[in-house]
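Q: Next comes the structure file data.tsv, holding TSV, C-alpha atoms and all ligand atoms.
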chain	number	residue	atom	x	y	z
Q	115	MET	CA	-45.67	-17.39	-49.65
Q	116	VAL	CA	-42.64	-18.61	-47.70
Q	117	PHE	CA	-39.77	-19.63	-49.97
Q	118	SER	CA	-37.38	-22.37	-48.93
Q	119	GLN	CA	-34.11	-21.21	-47.35
Q	120	LYS	CA	-32.21	-23.27	-49.94
Q	121	MET	CA	-33.84	-21.35	-52.79
Q	122	ILE	CA	-33.31	-17.91	-51.24
Q	123	GLU	CA	-29.63	-18.73	-50.63
Q	124	ARG	CA	-29.23	-19.91	-54.22
Q	125	PHE	CA	-30.66	-16.65	-55.58
Q	126	ARG	CA	-28.56	-14.45	-53.28
Q	127	GLY	CA	-25.25	-15.78	-54.60
Q	128	VAL	CA	-26.25	-15.80	-58.25
Q	129	SER	CA	-24.93	-13.49	-60.98
Q	130	ARG	CA	-26.37	-15.23	-64.07
Q	131	LEU	CA	-30.15	-15.73	-64.29
Q	132	VAL	CA	-32.26	-16.93	-67.21
Q	133	VAL	CA	-36.07	-16.76	-67.19
Q	134	ILE	CA	-38.28	-18.70	-69.61
Q	135	THR	CA	-41.91	-17.62	-69.90
Q	136	GLY	CA	-44.99	-18.97	-71.62
Q	137	ALA	CA	-48.62	-17.99	-72.01
Q	138	GLY	CA	-49.31	-18.39	-68.26
Q	139	ILE	CA	-47.42	-15.18	-67.43
Q	140	SER	CA	-49.98	-13.20	-69.46
Q	141	ALA	CA	-53.02	-15.06	-68.06
Q	142	GLU	CA	-53.47	-12.56	-65.23
Q	143	SER	CA	-53.49	-9.76	-67.83
Q	144	GLY	CA	-56.56	-11.45	-69.31
Q	145	VAL	CA	-54.83	-13.12	-72.28
Q	146	PRO	CA	-56.01	-16.73	-72.69
Q	147	THR	CA	-53.42	-19.52	-72.60
Q	148	PHE	CA	-53.22	-22.22	-75.28
Q	149	ARG	CA	-53.46	-25.30	-73.07
Q	150	GLY	CA	-53.94	-25.99	-69.33
Q	151	SER	CA	-57.29	-26.00	-67.56
Q	152	ASP	CA	-58.17	-22.42	-68.57
Q	153	GLY	CA	-56.54	-22.78	-71.96
Q	154	LEU	CA	-57.68	-22.63	-75.58
Q	155	TRP	CA	-58.36	-19.65	-77.75
Q	156	ARG	CA	-62.12	-20.12	-77.76
Q	157	ARG	CA	-62.94	-22.66	-80.47
Q	158	TYR	CA	-59.44	-22.59	-81.97
Q	159	ARG	CA	-56.55	-24.95	-81.27
Q	160	ALA	CA	-53.02	-23.60	-81.84
Q	161	GLU	CA	-52.09	-26.94	-83.43
Q	162	ASP	CA	-54.76	-26.38	-86.13
Q	163	LEU	CA	-54.16	-22.72	-86.98
Q	164	ALA	CA	-50.51	-22.04	-86.09
Q	165	THR	CA	-49.12	-23.91	-89.09
Q	166	PRO	CA	-47.85	-22.87	-92.53
Q	167	GLN	CA	-50.30	-25.40	-94.03
Q	168	ALA	CA	-53.29	-23.73	-92.34
Q	169	PHE	CA	-52.13	-20.35	-93.66
Q	170	GLN	CA	-51.60	-21.68	-97.15
Q	171	GLY	CA	-55.05	-23.34	-97.13
Q	172	ASN	CA	-57.01	-20.46	-95.60
Q	173	PRO	CA	-55.04	-17.22	-94.98
Q	174	ARG	CA	-58.29	-15.37	-94.22
Q	175	LEU	CA	-59.22	-17.73	-91.34
Q	176	VAL	CA	-55.71	-17.65	-89.87
Q	177	TRP	CA	-55.61	-13.84	-90.09
Q	178	GLU	CA	-59.08	-13.61	-88.51
Q	179	TRP	CA	-57.66	-15.55	-85.56
Q	180	TYR	CA	-54.65	-13.21	-85.30
Q	181	ASP	CA	-56.79	-10.10	-85.78
Q	182	TRP	CA	-59.06	-11.29	-82.96
Q	183	ARG	CA	-56.03	-11.92	-80.71
Q	184	ARG	CA	-54.46	-8.56	-81.61
Q	185	ARG	CA	-57.71	-6.78	-80.73
Q	186	LEU	CA	-57.93	-8.66	-77.44
Q	187	ILE	CA	-54.27	-8.07	-76.49
Q	188	SER	CA	-54.32	-4.38	-77.48
Q	189	GLY	CA	-56.74	-3.79	-74.58
Q	190	LYS	CA	-54.57	-5.61	-72.01
Q	191	LYS	CA	-51.73	-4.41	-69.80
Q	192	PRO	CA	-48.61	-6.08	-68.41
Q	193	ASN	CA	-49.26	-7.53	-64.94
Q	194	ALA	CA	-47.19	-7.73	-61.75
Q	195	GLY	CA	-45.39	-10.84	-63.06
Q	196	HIS	CA	-44.18	-9.06	-66.22
Q	197	MET	CA	-43.11	-6.07	-64.10
Q	198	ALA	CA	-41.17	-8.24	-61.62
Q	199	ILE	CA	-39.24	-9.92	-64.47
Q	200	ALA	CA	-38.45	-6.51	-65.99
Q	201	ALA	CA	-37.02	-5.42	-62.63
Q	202	MET	CA	-34.94	-8.62	-62.29
Q	203	GLU	CA	-32.80	-7.77	-65.33
Q	204	HIS	CA	-31.22	-4.97	-63.24
Q	205	LEU	CA	-30.30	-7.26	-60.32
Q	206	PHE	CA	-28.06	-9.75	-62.11
Q	207	GLU	CA	-24.78	-9.30	-63.98
Q	208	GLU	CA	-25.99	-11.59	-66.76
Q	209	PHE	CA	-29.68	-11.88	-67.48
Q	210	LEU	CA	-31.78	-13.22	-70.34
Q	211	LEU	CA	-35.54	-13.53	-70.68
Q	212	ILE	CA	-36.58	-16.15	-73.24
Q	213	THR	CA	-40.28	-15.73	-73.92
Q	214	GLN	CA	-42.43	-17.94	-76.09
Q	215	ASN	CA	-45.13	-15.27	-76.05
Q	216	VAL	CA	-45.87	-13.19	-79.11
Q	217	ASP	CA	-48.08	-10.66	-77.28
Q	218	GLY	CA	-45.37	-8.02	-76.67
Q	219	LEU	CA	-46.37	-7.57	-73.00
Q	220	HIS	CA	-42.82	-8.15	-71.69
Q	221	ARG	CA	-41.50	-5.26	-73.80
Q	222	ARG	CA	-44.37	-3.08	-72.63
Q	223	ALA	CA	-43.39	-3.94	-69.02
Q	224	GLY	CA	-39.88	-2.63	-69.74
Q	225	SER	CA	-37.90	-5.83	-70.40
Q	226	THR	CA	-34.99	-5.14	-72.75
Q	227	LYS	CA	-32.76	-8.24	-72.37
Q	228	LEU	CA	-35.14	-10.62	-74.08
Q	229	VAL	CA	-35.51	-13.08	-76.91
Q	230	GLU	CA	-39.02	-13.45	-78.36
Q	231	ILE	CA	-38.31	-16.94	-79.56
Q	232	HIS	CA	-41.71	-17.51	-81.28
Q	233	GLY	CA	-41.79	-14.00	-82.78
Q	234	ASN	CA	-44.16	-11.12	-82.20
Q	235	LEU	CA	-47.69	-10.66	-83.53
Q	236	TRP	CA	-47.18	-6.90	-83.84
Q	237	ARG	CA	-44.78	-7.55	-86.74
Q	238	VAL	CA	-45.70	-8.79	-90.21
Q	239	ARG	CA	-43.61	-10.45	-92.91
Q	240	CYS	CA	-44.07	-10.10	-96.67
Q	241	MET	CA	-44.55	-13.53	-98.26
Q	242	GLY	CA	-43.03	-12.16	-101.48
Q	243	GLU	CA	-39.90	-10.32	-100.42
Q	244	GLY	CA	-39.48	-11.60	-96.84
Q	245	LYS	CA	-39.33	-8.03	-95.51
Q	246	VAL	CA	-40.38	-7.72	-91.83
Q	247	PHE	CA	-41.99	-4.59	-90.45
Q	248	PRO	CA	-44.11	-3.42	-87.49
Q	249	ASN	CA	-47.88	-3.38	-87.84
Q	250	ASN	CA	-50.08	-2.11	-85.01
Q	251	GLU	CA	-53.32	-1.73	-86.97
Q	252	VAL	CA	-56.28	-2.80	-84.80
Q	253	PRO	CA	-58.54	-4.01	-86.26
Q	254	LEU	CA	-56.89	-4.77	-89.58
Q	255	LYS	CA	-58.46	-2.81	-92.46
Q	256	GLU	CA	-58.01	-5.68	-94.88
Q	257	ILE	CA	-58.03	-9.43	-94.09
Q	258	PRO	CA	-55.78	-11.00	-95.17
Q	259	PRO	CA	-53.51	-7.93	-95.24
Q	260	ARG	CA	-51.27	-7.34	-98.25
Q	261	CYS	CA	-47.88	-5.73	-98.74
Q	262	GLU	CA	-47.32	-2.69	-101.01
Q	263	CYS	CA	-45.92	-5.21	-103.51
Q	264	GLU	CA	-49.37	-6.97	-103.46
Q	265	ALA	CA	-47.98	-10.18	-101.89
Q	266	LEU	CA	-49.70	-11.59	-98.81
Q	267	LEU	CA	-48.44	-10.56	-95.40
Q	268	ARG	CA	-48.18	-13.10	-92.59
Q	269	PRO	CA	-47.69	-12.61	-88.84
Q	270	ASP	CA	-43.95	-12.66	-87.99
Q	271	VAL	CA	-44.33	-15.62	-85.63
Q	272	VAL	CA	-43.02	-19.18	-85.57
Q	273	TRP	CA	-45.58	-21.82	-86.52
Q	274	PHE	CA	-45.41	-25.59	-85.95
Q	275	GLY	CA	-42.93	-27.23	-88.29
Q	276	GLU	CA	-41.03	-23.96	-88.83
Q	277	SER	CA	-37.49	-23.32	-87.67
Q	278	LEU	CA	-36.76	-20.81	-84.98
Q	279	SER	CA	-34.28	-18.00	-85.63
Q	280	GLU	CA	-30.72	-19.37	-85.49
Q	281	LYS	CA	-29.50	-16.27	-83.66
Q	282	ASP	CA	-32.27	-16.53	-81.04
Q	283	LEU	CA	-31.45	-20.21	-80.55
Q	284	ALA	CA	-27.69	-19.55	-80.28
Q	285	ASP	CA	-28.21	-16.69	-77.78
Q	286	SER	CA	-30.60	-18.83	-75.74
Q	287	HIS	CA	-28.36	-21.90	-75.71
Q	288	MET	CA	-25.35	-19.88	-74.59
Q	289	ALA	CA	-27.28	-18.22	-71.75
Q	290	LEU	CA	-28.82	-21.56	-70.69
Q	291	ARG	CA	-25.44	-23.33	-70.64
Q	292	GLU	CA	-23.88	-20.59	-68.54
Q	293	CYS	CA	-26.69	-19.62	-66.14
Q	294	GLU	CA	-26.56	-20.47	-62.44
Q	295	CYS	CA	-30.33	-20.22	-62.00
Q	296	LEU	CA	-33.23	-20.79	-64.39
Q	297	MET	CA	-36.83	-19.79	-63.71
Q	298	VAL	CA	-39.49	-21.47	-65.85
Q	299	VAL	CA	-42.74	-19.54	-65.63
Q	300	GLY	CA	-46.24	-20.26	-66.95
Q	301	THR	CA	-45.44	-22.74	-69.69
Q	302	SER	CA	-46.86	-26.23	-70.19
Q	303	ALA	CA	-43.32	-27.22	-71.31
Q	304	VAL	CA	-44.57	-29.38	-74.18
Q	305	VAL	CA	-43.63	-27.38	-77.29
Q	306	GLN	CA	-40.14	-28.04	-78.65
Q	307	PRO	CA	-37.46	-26.85	-78.73
Q	308	VAL	CA	-38.17	-24.63	-75.68
Q	309	ALA	CA	-39.47	-27.67	-73.77
Q	310	SER	CA	-35.86	-28.97	-73.79
Q	311	PHE	CA	-34.27	-25.73	-72.58
Q	312	PRO	CA	-34.53	-26.62	-68.86
Q	313	THR	CA	-32.51	-29.78	-69.56
Q	314	ILE	CA	-29.73	-27.71	-71.15
Q	315	ALA	CA	-29.57	-25.54	-68.01
Q	316	ARG	CA	-29.67	-28.58	-65.73
Q	317	ASN	CA	-26.80	-30.21	-67.62
Q	318	GLY	CA	-24.80	-27.03	-66.99
Q	319	GLY	CA	-25.50	-27.32	-63.24
Q	320	ALA	CA	-28.14	-24.58	-62.91
Q	321	PHE	CA	-30.64	-24.46	-60.03
Q	322	ILE	CA	-34.10	-24.65	-61.63
Q	323	VAL	CA	-37.27	-23.11	-60.23
Q	324	GLU	CA	-40.65	-23.59	-61.89
Q	325	ILE	CA	-43.68	-21.37	-61.27
Q	326	ASN	CA	-47.00	-22.64	-62.59
Q	327	VAL	CA	-50.57	-23.06	-61.39
Q	328	GLU	CA	-50.44	-26.73	-62.42
Q	329	PRO	CA	-47.75	-29.44	-62.48
Q	330	THR	CA	-46.02	-29.89	-65.86
Q	331	PRO	CA	-43.74	-32.58	-67.35
Q	332	ILE	CA	-40.70	-30.92	-65.70
Q	333	SER	CA	-42.22	-30.45	-62.22
Q	334	GLY	CA	-40.95	-33.84	-61.05
Q	335	TRP	CA	-37.27	-33.08	-61.60
Q	336	VAL	CA	-36.77	-29.32	-61.15
Q	337	ASP	CA	-35.09	-28.17	-57.89
Q	338	GLN	CA	-38.12	-26.18	-56.75
Q	339	SER	CA	-41.65	-26.33	-58.13
Q	340	ILE	CA	-43.83	-23.49	-56.88
Q	341	LEU	CA	-47.55	-23.95	-57.50
Q	342	GLY	CA	-49.22	-20.56	-57.79
Q	343	LYS	CA	-49.96	-17.58	-59.99
Q	344	SER	CA	-46.91	-15.90	-61.49
Q	345	GLY	CA	-48.41	-12.44	-60.87
Q	346	GLU	CA	-48.43	-13.20	-57.16
Q	347	ILE	CA	-45.25	-15.30	-56.79
Q	348	LEU	CA	-42.82	-13.26	-58.91
Q	349	PRO	CA	-43.14	-9.94	-57.03
Q	350	GLN	CA	-42.46	-11.81	-53.76
Q	351	LEU	CA	-39.52	-13.62	-55.33
Q	352	LEU	CA	-38.16	-10.29	-56.55
Q	353	GLU	CA	-38.27	-8.91	-53.00
Q	354	SER	CA	-36.42	-11.96	-51.66
Q	355	MET	CA	-33.67	-11.40	-54.26
Q	356	LYS	CA	-32.89	-7.83	-53.15
R	1	LIG	C1	-50.05	-20.15	-65.28
R	1	LIG	C2	-50.99	-19.18	-64.97
R	1	LIG	C3	-50.61	-18.23	-64.03
R	1	LIG	C4	-51.87	-20.43	-66.46
R	1	LIG	N1	-49.39	-18.29	-63.48
R	1	LIG	N2	-48.85	-20.21	-64.71
R	1	LIG	C5	-39.45	-33.02	-80.93
R	1	LIG	C6	-40.35	-33.97	-80.54
R	1	LIG	C7	-41.69	-33.87	-80.93
R	1	LIG	C8	-42.15	-32.83	-81.73
R	1	LIG	C9	-41.23	-31.87	-82.10
R	1	LIG	C10	-39.90	-31.97	-81.73
R	1	LIG	N3	-39.25	-30.91	-82.23
R	1	LIG	C11	-40.13	-30.14	-82.91
R	1	LIG	C12	-41.34	-30.71	-82.85
R	1	LIG	C13	-42.58	-30.20	-83.47
R	1	LIG	C14	-43.19	-29.02	-82.72
R	1	LIG	C15	-43.63	-29.44	-81.32
R	1	LIG	O1	-43.01	-29.13	-80.33
R	1	LIG	N4	-44.74	-30.12	-81.21
R	1	LIG	C16	-45.25	-30.50	-79.89
R	1	LIG	C17	-46.69	-30.01	-79.73
R	1	LIG	C18	-45.07	-31.96	-79.70
R	1	LIG	N5	-42.29	-27.89	-82.66
R	1	LIG	C19	-42.09	-27.09	-83.71
R	1	LIG	O2	-42.63	-27.33	-84.78
R	1	LIG	C20	-41.17	-25.91	-83.54
R	1	LIG	N6	-40.24	-25.89	-84.63
R	1	LIG	C21	-39.14	-26.65	-84.65
R	1	LIG	O3	-38.77	-27.27	-83.68
R	1	LIG	O4	-38.49	-26.63	-85.85
R	1	LIG	C22	-37.60	-27.69	-86.15
R	1	LIG	C23	-38.37	-29.00	-86.30
R	1	LIG	C24	-39.63	-29.01	-86.90
R	1	LIG	C25	-40.33	-30.21	-87.03
R	1	LIG	C26	-39.81	-31.40	-86.52
R	1	LIG	C27	-38.56	-31.37	-85.90
R	1	LIG	C28	-37.83	-30.16	-85.79
R	1	LIG	C29	-41.95	-24.60	-83.62
R	1	LIG	C30	-42.91	-24.44	-82.49
R	1	LIG	C31	-43.71	-23.15	-82.69
R	1	LIG	C32	-44.80	-22.99	-81.64
R	1	LIG	N7	-45.63	-21.92	-82.04
R	1	LIG	C33	-46.72	-21.50	-81.15
R	1	LIG	C34	-47.54	-20.43	-81.90
R	1	LIG	C35	-46.76	-19.12	-81.96
R	1	LIG	C36	-47.52	-18.04	-82.63
R	1	LIG	C37	-48.82	-17.72	-81.94
R	1	LIG	O5	-48.88	-17.49	-80.73
R	1	LIG	O6	-49.82	-17.68	-82.64
R	1	LIG	O7	-46.20	-20.98	-79.93
R	1	LIG	S1	-47.76	-22.86	-80.60
R	1	LIG	C38	-48.03	-22.22	-78.99
R	1	LIG	O8	-47.44	-23.09	-77.99
R	1	LIG	C39	-47.24	-20.90	-78.93
R	1	LIG	C40	-46.64	-20.97	-77.55
R	1	LIG	O9	-45.52	-20.11	-77.47
R	1	LIG	C41	-46.31	-22.42	-77.41
R	1	LIG	C42	-46.09	-22.88	-76.00
R	1	LIG	O10	-47.24	-22.74	-75.23
R	1	LIG	P1	-47.14	-22.23	-73.74
R	1	LIG	O11	-46.61	-20.86	-73.69
R	1	LIG	O12	-46.43	-23.24	-72.92
R	1	LIG	O13	-48.67	-22.11	-73.34
R	1	LIG	P2	-49.66	-23.24	-72.79
R	1	LIG	O14	-51.04	-22.74	-72.96
R	1	LIG	O15	-49.35	-24.57	-73.37
R	1	LIG	O16	-49.33	-23.32	-71.23
R	1	LIG	C43	-49.69	-22.28	-70.34
R	1	LIG	C44	-49.23	-22.69	-68.97
R	1	LIG	O17	-49.45	-21.60	-68.09
R	1	LIG	C45	-49.99	-23.90	-68.39
R	1	LIG	O18	-49.03	-24.83	-67.91
R	1	LIG	C46	-50.80	-23.29	-67.24
R	1	LIG	O19	-50.92	-24.18	-66.15
R	1	LIG	C47	-49.95	-22.10	-66.86
R	1	LIG	N8	-50.65	-20.99	-66.22
R	1	LIG	N9	-52.14	-19.42	-65.71
R	1	LIG	C48	-48.56	-19.31	-63.83
R	1	LIG	N10	-51.46	-17.24	-63.65
Would you mind writing the file's structure down as structure tokens?
Ligand code: BJW
A:
Amino acid sequence: MVFSQKMIERFRGVSRLVVITGAGISAESGVPTFRGSDGLWRRYRAEDLATPQAFQGNPRLVWEWYDWRRRLISGKKPNAGHMAIAAMEHLFEEFLLITQNVDGLHRRAGSTKLVEIHGNLWRVRCMGEGKVFPNNEVPLKEIPPRCECEALLRPDVVWFGESLSEKDLADSHMALRECECLMVVGTSAVVQPVASFPTIARNGGAFIVEINVEPTPISGWVDQSILGKSGEILPQLLESMK
């Protein structure tokens, strides 16, 4: 891949980088995406199961979906794209990774400056007391799992119609307003509020690069749209930044 001179020059002079990732970054690890041509979690649609109403109506079904995903993800490893992003945090004075993914693969790749804006499926939350704690049990012994206090546990993730953490949003907005470059990787850019994050960076004057195997709603207006696999593009981009 030959990157444009304009893009390489923009990266060389930059001290503040933000990266947004979505399910596409984990595709090459073997984790299915939600949408896109290879998308869908088998017969399940995120819009049907990733809601508080679905959980209220059938906690067993929703937990079966999460248990299946946890089993699948537990056997997967971070790929070259995750590793390249983890390395990037050491190259820039200010760096933030905003991931929509709940799979934990960025942390396993070594990323530390990150916001998991839709939560993490290796944490559970007590529906009674609101307490959040790690849970790595694969497969789950009991579905739906229960807290010591007997209340139901839920995955500590953000479902449709739920608010995102105010701190995560504030940290993300500040980084997006101040960044000089934004990379948007492997997201269909349709789920709000993250779908609007590139606009915040653009309004602050950032140079925006998108990496995706398919065009998305933002491809037409970003500064550079790179069509390709993130596991192949990101390591090359990392080299060009050094
Ligand atoms: C590759 C690749 C490779 C493949 N290399 N690329 C304003 C207008 C309209 C609606 C709303 C609005 N504001 C809020 C809403 C409602 C809603 C929403 O956005 N709905 C839309 C569907 C229209 N948003 C919310 O409810 C959010 N809450 C909120 O805003 O609260 C306030 C509020 C509520 C209600 C009204 C108004 C305000 C919460 C959203 C929570 C999303 N949760 C999920 C599930 C998380 C837990 C779990 O995983 O189980 O998050 S849904 C699912 O979608 C998941 C993902 O993080 C998210 C985004 O998906 P992502 O990552 O983009 O994946 P895909 O599959 O869509 O795309 C993959 C991409 O990768 C594709 O483009 C491929 O081409 C590409 N690709 N291989 C590079 N190798």
Q: Expressed in Å to a single decimal, how great is the separation between CA of Val323 (chain Q) and CA of Arg291 (chain Q)?
A: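 It comes out at 15.8 Å.
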Q: Restricting the calculation to all atoms listed in the file, which member of Q:Glu243, Q:Leu348, Q:Thr313, Q:Pro253 is positioned closest to Glu178 (chain Q)?
A: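 The shortest atom-to-atom distance to Glu178 (chain Q) comes from Q:Pro253.
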Q: Can you pull out the residues contacting Trp179 (chain Q)? Cut-off 12 Å, using all atoms listed in the file, and skip same-chain residues under 2 positions away; I want them as a PyMOL selection string.
A: chain Q and resi 155-160+162-164+168-169+172-177+181-186+235+253-254+257-258+269
Q: Counting all atoms listed in the file, find residues at most 8 Å from (-51.1, -5.7, -75.6) (file frame) and give them as a ChimeraX atom specification.
A: /Q:184,186-192,217-219,222
Q: Taking every listed atom of region 129-141 of chain Q and adding 5 Å to each side, what centre and edge lengths in Å (one decimal) does the axis-aligned box have, as AutoDock Vina command-line options?
A:
--center_x -39.0 --center_y -16.1 --center_z -66.5 --size_x 38.1 --size_y 15.8 --size_z 21.0
Q: Could you make a table, as a Markdown table, of the residues of chain Q that have an atom within 6 Å of an atom of ligand LIG 1 (chain R), each with its nearest atom pair and distance in Å to one decimal, counting all atoms listed in the file, in chain and number order?
A:
| residue | atom | partner | partner_atom | distance |
| --- | --- | --- | --- | --- |
| Q:Gly136 | CA | R:LIG1 | O11 | 3.2 |
| Q:Ala137 | CA | R:LIG1 | O11 | 3.9 |
| Q:Gly138 | CA | R:LIG1 | O17 | 3.2 |
| Q:Ile139 | CA | R:LIG1 | N1 | 5.4 |
| Q:Ala141 | CA | R:LIG1 | N9 | 5.0 |
| Q:Glu142 | CA | R:LIG1 | N10 | 5.3 |
| Q:Thr147 | CA | R:LIG1 | O14 | 4.0 |
| Q:Phe148 | CA | R:LIG1 | O14 | 3.2 |
| Q:Arg149 | CA | R:LIG1 | O14 | 3.5 |
| Q:Gly150 | CA | R:LIG1 | C45 | 4.6 |
| Q:Gly153 | CA | R:LIG1 | O14 | 5.6 |
| Q:Ala160 | CA | R:LIG1 | S1 | 5.5 |
| Q:Ala164 | CA | R:LIG1 | C34 | 5.4 |
| Q:Gln214 | CA | R:LIG1 | O9 | 4.0 |
| Q:Asn215 | CA | R:LIG1 | O9 | 5.1 |
| Q:Val216 | CA | R:LIG1 | O5 | 5.5 |
| Q:His232 | CA | R:LIG1 | C35 | 5.3 |
| Q:Val271 | CA | R:LIG1 | C36 | 5.0 |
| Q:Val272 | CA | R:LIG1 | C31 | 5.0 |
| Q:Trp273 | CA | R:LIG1 | C31 | 4.5 |
| Q:Phe274 | CA | R:LIG1 | O2 | 3.5 |
| Q:Gly275 | CA | R:LIG1 | O2 | 3.5 |
| Q:Glu276 | CA | R:LIG1 | N6 | 4.7 |
| Q:Ser277 | CA | R:LIG1 | O4 | 3.9 |
| Q:Gly300 | CA | R:LIG1 | N2 | 3.4 |
| Q:Thr301 | CA | R:LIG1 | O12 | 3.4 |
| Q:Ser302 | CA | R:LIG1 | O18 | 3.4 |
| Q:Ala303 | CA | R:LIG1 | O12 | 5.3 |
| Q:Val304 | CA | R:LIG1 | C16 | 5.9 |
| Q:Val305 | CA | R:LIG1 | O1 | 3.6 |
| Q:Gln306 | CA | R:LIG1 | O1 | 3.5 |
| Q:Pro307 | CA | R:LIG1 | O3 | 5.1 |
| Q:Ile325 | CA | R:LIG1 | C48 | 5.9 |
| Q:Asn326 | CA | R:LIG1 | N2 | 3.7 |
| Q:Val327 | CA | R:LIG1 | N2 | 4.7 |
| Q:Glu328 | CA | R:LIG1 | O19 | 4.5 |
| Q:Lys343 | CA | R:LIG1 | N1 | 3.6 |
| Q:Ser344 | CA | R:LIG1 | N1 | 4.0 |
Q: Grab the residues selected above and save them as a PDB file, keeping the file's coordinate frame with C-alpha atoms.
A:
ATOM      1  CA  GLY Q 136     -44.990 -18.970 -71.620  1.00  0.00           C
ATOM      2  CA  ALA Q 137     -48.620 -17.990 -72.010  1.00  0.00           C
ATOM      3  CA  GLY Q 138     -49.310 -18.390 -68.260  1.00  0.00           C
ATOM      4  CA  ILE Q 139     -47.420 -15.180 -67.430  1.00  0.00           C
ATOM      5  CA  ALA Q 141     -53.020 -15.060 -68.060  1.00  0.00           C
ATOM      6  CA  GLU Q 142     -53.470 -12.560 -65.230  1.00  0.00           C
ATOM      7  CA  THR Q 147     -53.420 -19.520 -72.600  1.00  0.00           C
ATOM      8  CA  PHE Q 148     -53.220 -22.220 -75.280  1.00  0.00           C
ATOM      9  CA  ARG Q 149     -53.460 -25.300 -73.070  1.00  0.00           C
ATOM     10  CA  GLY Q 150     -53.940 -25.990 -69.330  1.00  0.00           C
ATOM     11  CA  GLY Q 153     -56.540 -22.780 -71.960  1.00  0.00           C
ATOM     12  CA  ALA Q 160     -53.020 -23.600 -81.840  1.00  0.00           C
ATOM     13  CA  ALA Q 164     -50.510 -22.040 -86.090  1.00  0.00           C
ATOM     14  CA  GLN Q 214     -42.430 -17.940 -76.090  1.00  0.00           C
ATOM     15  CA  ASN Q 215     -45.130 -15.270 -76.050  1.00  0.00           C
ATOM     16  CA  VAL Q 216     -45.870 -13.190 -79.110  1.00  0.00           C
ATOM     17  CA  HIS Q 232     -41.710 -17.510 -81.280  1.00  0.00           C
ATOM     18  CA  VAL Q 271     -44.330 -15.620 -85.630  1.00  0.00           C
ATOM     19  CA  VAL Q 272     -43.020 -19.180 -85.570  1.00  0.00           C
ATOM     20  CA  TRP Q 273     -45.580 -21.820 -86.520  1.00  0.00           C
ATOM     21  CA  PHE Q 274     -45.410 -25.590 -85.950  1.00  0.00           C
ATOM     22  CA  GLY Q 275     -42.930 -27.230 -88.290  1.00  0.00           C
ATOM     23  CA  GLU Q 276     -41.030 -23.960 -88.830  1.00  0.00           C
ATOM     24  CA  SER Q 277     -37.490 -23.320 -87.670  1.00  0.00           C
ATOM     25  CA  GLY Q 300     -46.240 -20.260 -66.950  1.00  0.00           C
ATOM     26  CA  THR Q 301     -45.440 -22.740 -69.690  1.00  0.00           C
ATOM     27  CA  SER Q 302     -46.860 -26.230 -70.190  1.00  0.00           C
ATOM     28  CA  ALA Q 303     -43.320 -27.220 -71.310  1.00  0.00           C
ATOM     29  CA  VAL Q 304     -44.570 -29.380 -74.180  1.00  0.00           C
ATOM     30  CA  VAL Q 305     -43.630 -27.380 -77.290  1.00  0.00           C
ATOM     31  CA  GLN Q 306     -40.140 -28.040 -78.650  1.00  0.00           C
ATOM     32  CA  PRO Q 307     -37.460 -26.850 -78.730  1.00  0.00           C
ATOM     33  CA  ILE Q 325     -43.680 -21.370 -61.270  1.00  0.00           C
ATOM     34  CA  ASN Q 326     -47.000 -22.640 -62.590  1.00  0.00           C
ATOM     35  CA  VAL Q 327     -50.570 -23.060 -61.390  1.00  0.00           C
ATOM     36  CA  GLU Q 328     -50.440 -26.730 -62.420  1.00  0.00           C
ATOM     37  CA  LYS Q 343     -49.960 -17.580 -59.990  1.00  0.00           C
ATOM     38  CA  SER Q 344     -46.910 -15.900 -61.490  1.00  0.00           C
TER      39      SER Q 344
END
Q: Select, from Q:Gly244, Q:Val336, Q:Val133, Q:Val299, the residue with the minimum atom-to-atom distance to Ser225 (chain Q), counting only C-alpha atoms.
A: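 The answer is Q:Val133, which sits nearest to Ser225 (chain Q).
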Q: Expressed in Å to a single decimal, how great is the separation between CA of Glu294 (chain Q) and CA of Phe125 (chain Q)?
A: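 So the two atoms, CA of Glu294 (chain Q) and CA of Phe125 (chain Q), lie 8.9 Å apart.
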Q: Tell me which of Q:Val246, Q:Ile340, Q:Cys293, Q:Ile134 sits closest to Gly318 (chain Q), counting only C-alpha atoms.
A: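 Among the listed residues, the smallest separation from Gly318 (chain Q) belongs to Q:Cys293.
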Q: Between CA of Ser143 (chain Q) and CA of Leu341 (chain Q), measure the distance and give it in Å to one decimal.
A: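 CA of Leu341 (chain Q) lies 18.5 Å from CA of Ser143 (chain Q).
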Q: Quick one: of Q:Ala289, Q:Val252, Q:Ala194, Q:Cys261, who's nearest to Val229 (chain Q), counting only C-alpha atoms?
A: Q:Ala289
Q: Can you pull out the residues contacting Ile122 (chain Q)? Cut-off 8 Å, using all atoms listed in the file, and skip same-chain residues under 5 positions away; I want them as a PDB file with C-alpha atoms, keeping the file's coordinate frame.
A:
ATOM      1  CA  PHE Q 117     -39.770 -19.630 -49.970  1.00  0.00           C
ATOM      2  CA  SER Q 354     -36.420 -11.960 -51.660  1.00  0.00           C
ATOM      3  CA  MET Q 355     -33.670 -11.400 -54.260  1.00  0.00           C
TER       4      MET Q 355
END
Q: Render region 215-225 of chain Q from the structure in the preceding block as a file of C-alpha atoms, as a short mmCIF file (atom, residue, chain, number, x, y, z; two decimals), in the first residue's frame.
A:
data_model
loop_
_atom_site.label_atom_id
_atom_site.label_comp_id
_atom_site.auth_asym_id
_atom_site.auth_seq_id
_atom_site.Cartn_x
_atom_site.Cartn_y
_atom_site.Cartn_z
CA ASN Q 215 -15.96 -3.01 20.93
CA VAL Q 216 -16.79 -4.93 24.07
CA ASP Q 217 -14.50 -7.89 23.28
CA GLY Q 218 -11.48 -6.71 25.33
CA LEU Q 219 -9.02 -7.44 22.48
CA HIS Q 220 -7.50 -3.93 22.53
CA ARG Q 221 -6.53 -4.34 26.19
CA ARG Q 222 -5.11 -7.77 25.46
CA ALA Q 223 -3.01 -6.17 22.68
CA GLY Q 224 -1.55 -3.77 25.27
CA SER Q 225 -3.59 -0.59 24.72
#
